[in-house]
file coords_27.cif (mmCIF, C-alpha atoms)
data_model
#
loop_
_atom_site.group_PDB
_atom_site.id
_atom_site.type_symbol
_atom_site.label_atom_id
_atom_site.label_comp_id
_atom_site.auth_asym_id
_atom_site.auth_seq_id
_atom_site.Cartn_x
_atom_site.Cartn_y
_atom_site.Cartn_z
ATOM 1 C CA LYS A 412 92.650 -28.329 248.109
ATOM 2 C CA LYS A 413 95.183 -28.265 250.959
ATOM 3 C CA LYS A 414 96.190 -24.931 252.522
ATOM 4 C CA LYS A 415 98.420 -26.340 255.253
ATOM 5 C CA LYS A 416 100.450 -29.481 255.705
ATOM 6 C CA VAL A 417 98.621 -32.192 257.663
ATOM 7 C CA ALA A 418 100.451 -35.312 258.853
ATOM 8 C CA ASN A 419 99.850 -38.367 256.620
ATOM 9 C CA LEU A 420 97.745 -36.380 254.128
ATOM 10 C CA GLY A 421 100.025 -34.843 251.544
ATOM 11 C CA SER A 422 101.520 -31.406 251.401
ATOM 12 C CA LEU A 423 100.594 -27.808 250.628
ATOM 13 C CA GLY A 424 98.555 -27.467 247.442
ATOM 14 C CA ASP A 425 97.797 -31.172 246.971
ATOM 15 C CA LYS A 426 94.320 -32.202 245.956
ATOM 16 C CA VAL A 427 93.329 -35.010 248.270
ATOM 17 C CA LYS A 428 90.204 -37.111 248.526
ATOM 18 C CA VAL A 429 88.973 -37.519 252.099
ATOM 19 C CA LYS A 430 85.845 -38.862 253.713
ATOM 20 C CA ALA A 431 83.064 -36.295 253.972
ATOM 21 C CA GLY A 432 83.076 -36.115 257.782
ATOM 22 C CA TYR A 433 86.856 -35.596 258.034
ATOM 23 C CA GLY A 434 86.713 -32.723 255.574
ATOM 24 C CA ARG A 435 83.555 -31.149 256.993
ATOM 25 C CA ASN A 436 84.398 -31.539 260.702
ATOM 26 C CA PHE A 437 88.179 -31.058 260.785
ATOM 27 C CA LEU A 438 89.933 -29.835 257.637
ATOM 28 C CA LEU A 439 87.490 -27.077 256.643
ATOM 29 C CA PRO A 440 86.698 -25.587 260.097
ATOM 30 C CA TYR A 441 90.367 -25.453 261.134
ATOM 31 C CA GLY A 442 91.396 -23.800 257.862
ATOM 32 C CA LYS A 443 93.642 -26.680 256.853
ATOM 33 C CA ALA A 444 91.908 -27.124 253.487
ATOM 34 C CA VAL A 445 89.267 -25.672 251.187
ATOM 35 C CA ALA A 446 86.804 -27.398 248.899
ATOM 36 C CA ALA A 447 88.285 -27.787 245.409
ATOM 37 C CA THR A 448 85.849 -25.501 243.549
ATOM 38 C CA ALA A 449 86.930 -23.464 240.513
ATOM 39 C CA ASP A 450 86.917 -20.194 242.501
ATOM 40 C CA ASN A 451 88.911 -21.682 245.381
ATOM 41 C CA LEU A 452 91.468 -23.214 242.998
ATOM 42 C CA LYS A 453 91.994 -19.845 241.292
ATOM 43 C CA ALA A 454 92.310 -17.996 244.625
ATOM 44 C CA PHE A 455 94.733 -20.629 245.920
ATOM 45 C CA GLU A 456 96.992 -20.390 242.862
ATOM 46 C CA GLU A 457 97.172 -16.599 243.338
ATOM 47 C CA ARG A 458 98.295 -17.063 246.967
ATOM 48 C CA ARG A 459 100.449 -20.174 246.429
ATOM 49 C CA ALA A 460 103.825 -18.374 246.635
ATOM 50 C CA GLU A 461 102.810 -16.597 249.857
ATOM 51 C CA LEU A 462 101.576 -19.840 251.463
ATOM 52 C CA GLU A 463 104.671 -21.781 250.376
ATOM 53 C CA LYS A 464 106.932 -19.050 251.781
ATOM 54 C CA ALA A 465 105.109 -19.188 255.135
ATOM 55 C CA ALA A 466 105.374 -23.010 255.166
ATOM 56 C CA ALA A 467 109.115 -22.817 254.397
ATOM 57 C CA GLU A 468 109.636 -20.304 257.231
ATOM 58 C CA LYS A 469 107.830 -22.581 259.689
ATOM 59 C CA LEU A 470 109.972 -25.532 258.574
ATOM 60 C CA ALA A 471 113.189 -23.493 258.916
ATOM 61 C CA ALA A 472 112.194 -22.333 262.403
ATOM 62 C CA ALA A 473 111.386 -25.915 263.439
ATOM 63 C CA GLN A 474 114.716 -27.152 262.049
ATOM 64 C CA ALA A 475 116.602 -24.458 263.982
ATOM 65 C CA ARG A 476 114.799 -25.444 267.204
ATOM 66 C CA GLY A 477 115.511 -29.103 266.399
ATOM 67 C CA GLU A 478 119.253 -28.469 266.029
ATOM 68 C CA ALA A 479 119.260 -26.649 269.374
ATOM 69 C CA LEU A 480 117.440 -29.525 271.088
ATOM 70 C CA GLU A 481 118.916 -32.642 269.433
ATOM 71 C CA GLY A 482 120.555 -34.838 272.057
ATOM 72 C CA ALA A 483 119.884 -32.365 274.888
ATOM 73 C CA SER A 484 119.585 -33.675 278.429
ATOM 74 C CA VAL A 485 116.853 -32.526 280.799
ATOM 75 C CA THR A 486 116.360 -33.527 284.444
ATOM 76 C CA ILE A 487 113.047 -33.508 286.300
ATOM 77 C CA THR A 488 112.895 -34.118 290.045
ATOM 78 C CA SER A 489 109.759 -35.553 291.566
ATOM 79 C CA LYS A 490 108.699 -37.168 294.812
ATOM 80 C CA ALA A 491 109.043 -40.934 294.677
ATOM 81 C CA GLY A 492 108.599 -43.966 296.895
ATOM 82 C CA GLU A 493 111.350 -46.348 297.970
ATOM 83 C CA GLU A 494 111.162 -48.566 294.868
ATOM 84 C CA GLY A 495 111.409 -45.572 292.529
ATOM 85 C CA LYS A 496 107.686 -45.328 291.833
ATOM 86 C CA LEU A 497 106.616 -41.694 291.466
ATOM 87 C CA PHE A 498 103.852 -40.112 293.522
ATOM 88 C CA GLY A 499 101.832 -38.961 290.524
ATOM 89 C CA SER A 500 103.359 -38.983 287.056
ATOM 90 C CA ILE A 501 105.403 -36.946 284.603
ATOM 91 C CA GLY A 502 103.271 -35.953 281.617
ATOM 92 C CA VAL A 503 103.754 -33.972 278.414
ATOM 93 C CA ARG A 504 103.157 -30.619 280.133
ATOM 94 C CA ASP A 505 105.872 -31.308 282.751
ATOM 95 C CA ILE A 506 108.347 -32.315 280.045
ATOM 96 C CA ALA A 507 107.503 -29.295 277.852
ATOM 97 C CA ASP A 508 107.912 -26.944 280.822
ATOM 98 C CA ALA A 509 111.277 -28.504 281.750
ATOM 99 C CA ILE A 510 112.583 -28.156 278.178
ATOM 100 C CA THR A 511 111.292 -24.581 277.894
ATOM 101 C CA ALA A 512 113.138 -23.744 281.128
ATOM 102 C CA THR A 513 116.409 -24.656 279.365
ATOM 103 C CA GLY A 514 115.809 -21.869 276.840
ATOM 104 C CA THR A 515 114.080 -23.426 273.815
ATOM 105 C CA ASP A 516 110.302 -23.117 273.649
ATOM 106 C CA VAL A 517 108.431 -26.401 273.254
ATOM 107 C CA GLU A 518 104.650 -26.803 273.220
ATOM 108 C CA LYS A 519 103.091 -29.750 275.062
ATOM 109 C CA SER A 520 101.512 -30.906 271.779
ATOM 110 C CA GLU A 521 105.030 -31.445 270.377
ATOM 111 C CA VAL A 522 106.055 -33.968 273.068
ATOM 112 C CA ARG A 523 105.376 -37.603 272.112
ATOM 113 C CA LEU A 524 104.772 -40.153 274.877
ATOM 114 C CA PRO A 525 103.371 -43.230 273.080
ATOM 115 C CA GLU A 526 103.383 -45.310 276.278
ATOM 116 C CA GLY A 527 101.639 -42.598 278.298
ATOM 117 C CA PRO A 528 102.945 -40.612 281.266
ATOM 118 C CA LEU A 529 106.167 -41.611 283.049
ATOM 119 C CA ARG A 530 105.537 -43.187 286.453
ATOM 120 C CA VAL A 531 108.974 -44.543 287.449
ATOM 121 C CA VAL A 532 112.345 -42.916 288.208
ATOM 122 C CA GLY A 533 114.865 -43.474 285.407
ATOM 123 C CA GLU A 534 116.399 -42.377 282.111
ATOM 124 C CA TYR A 535 114.133 -41.943 279.090
ATOM 125 C CA GLU A 536 114.577 -40.984 275.445
ATOM 126 C CA ILE A 537 111.753 -38.595 274.570
ATOM 127 C CA GLU A 538 110.671 -37.814 271.014
ATOM 128 C CA LEU A 539 109.698 -34.253 270.100
ATOM 129 C CA GLN A 540 107.819 -33.650 266.861
ATOM 130 C CA LEU A 541 108.453 -29.962 266.181
ATOM 131 C CA HIS A 542 107.015 -30.071 262.645
ATOM 132 C CA SER A 543 105.569 -32.829 260.501
ATOM 133 C CA ASP A 544 109.065 -33.109 258.922
ATOM 134 C CA VAL A 545 111.202 -32.402 262.019
ATOM 135 C CA THR A 546 111.530 -34.966 264.808
ATOM 136 C CA VAL A 547 114.267 -34.851 267.475
ATOM 137 C CA HIS A 548 115.135 -36.955 270.505
ATOM 138 C CA ILE A 549 116.191 -35.677 273.913
ATOM 139 C CA ASN A 550 117.359 -37.502 277.011
ATOM 140 C CA LEU A 551 115.196 -37.113 280.094
ATOM 141 C CA ALA A 552 116.289 -38.107 283.573
ATOM 142 C CA VAL A 553 113.558 -38.470 286.204
ATOM 143 C CA VAL A 554 115.126 -38.417 289.676
ATOM 144 C CA ALA A 555 113.654 -38.693 293.164
ATOM 145 C CA GLU A 556 113.711 -35.652 295.466
#
call {"tool": "encode", "arguments": {"input": "coords_27.cif", "output": "structure tokens"}}
result
Amino acid sequence: KKKKKVANLGSLGDKVKVKAGYGRNFLLPYGKAVAATADNLKAFEERRAELEKAAAEKLAAAQARGEALEGASVTITSKAGEEGKLFGSIGVRDIADAITATGTDVEKSEVRLPEGPLRVVGEYEIELQLHSDVTVHINLAVVAE
């Protein structure tokens, strides 16, 4: 029985069937789910309203952060060679720190870089996944020092 929302696996309170190792090694130890025994089902139903309220508050907070960030522009300066190739790279931590410096807190786990770290000067559209239901895009400019 699910206690928290997990991406691609249903929502709070859903009964889901997962492979034994996924449940045993990830969902149960991290408190994201409990085994669907009679006692656990009863305890969950007693706490359902409290858990749903907490989930709704997290979603509302993520949506508020998303509205503040949507379409924002952030600039990161870095040392670069003559052809615009960076010495080093810009990763999720650098991007999260730059966004947080503008006033809205962003964790590095919320920054999505599907192609890996940025290694060239230029303009990028970066996706931030603030909640499993809230995704926003920001504009990032990487400029040479």
call {"tool": "closest_atom_pairs", "arguments": {"input": "coords_27.cif", "of": "region 473-504 of chain A", "to": "region 510-517 of chain A", "cutoff": "12 Å", "atoms": "all atoms listed in the file", "output": "tab-separated table"}}
result
residue	atom	partner	partner_atom	distance
A:Ala473	CA	A:Val517	CA	10.3
A:Ala475	CA	A:Thr515	CA	10.2
A:Arg476	CA	A:Thr515	CA	6.9
A:Gly477	CA	A:Thr515	CA	9.4
A:Glu478	CA	A:Thr515	CA	10.6
A:Ala479	CA	A:Thr515	CA	7.5
A:Leu480	CA	A:Thr515	CA	7.5
A:Glu481	CA	A:Thr515	CA	11.3
A:Ala483	CA	A:Ile510	CA	9.0
A:Ser484	CA	A:Ile510	CA	8.9
A:Val485	CA	A:Ile510	CA	6.6
A:Thr486	CA	A:Ile510	CA	9.1
A:Ile487	CA	A:Ile510	CA	9.7
A:Val503	CA	A:Val517	CA	10.3
A:Arg504	CA	A:Val517	CA	9.6
call {"tool": "residues_around", "arguments": {"input": "coords_27.cif", "residues": "Arg458 (chain A)", "least_positions_apart": "6", "cutoff": "12 Å", "atoms": "only C-alpha atoms", "output": "list in words"}}
result
Lys414, Leu423, Gly424, Asn451, Leu452, Lys464 and Ala465 of chain A
call {"tool": "closest_residue", "arguments": {"input": "coords_27.cif", "among": "A:Ser422, A:Tyr535, A:Ile501, A:Val547", "to": "Glu521 (chain A)", "atoms": "all atoms listed in the file"}}
result
A:Val547
call {"tool": "atom_distance", "arguments": {"input": "coords_27.cif", "atom1": "CA of Lys490 (chain A)", "atom2": "CA of Pro525 (chain A)"}}
result
23.2 Å
call {"tool": "residues_around", "arguments": {"input": "coords_27.cif", "residues": "Val445 (chain A)", "least_positions_apart": "2", "cutoff": "12 Å", "atoms": "all atoms listed in the file", "output": "ChimeraX atom specification"}}
result
/A:412-415,423-429,434-435,437-443,447-455
call {"tool": "residues_near_point", "arguments": {"input": "coords_27.cif", "point": "(105.8, -43.6, 279.1)", "cutoff": "12 Å", "atoms": "only C-alpha atoms", "output": "ChimeraX atom specification"}}
result
/A:500-503,506,522-538,551,553
call {"tool": "atom_distance", "arguments": {"input": "coords_27.cif", "atom1": "CA of Ala552 (chain A)", "atom2": "CA of Ser520 (chain A)"}}
result
20.2 Å
call {"tool": "residues_around", "arguments": {"input": "coords_27.cif", "residues": "His542 (chain A)", "least_positions_apart": "2", "cutoff": "9 Å", "atoms": "only C-alpha atoms", "output": "JSON, numbers by chain"}}
result
{"A": [469, 470, 473, 474, 521, 539, 540, 544, 545, 546]}
call {"tool": "atom_distance", "arguments": {"input": "coords_27.cif", "atom1": "CA of His548 (chain A)", "atom2": "CA of Ala467 (chain A)"}}
result
22.3 Å
call {"tool": "closest_residue", "arguments": {"input": "coords_27.cif", "among": "A:Gly482, A:Gly421, A:Gly492, A:Gly432", "to": "Glu556 (chain A)", "atoms": "all atoms listed in the file"}}
result
A:Gly492
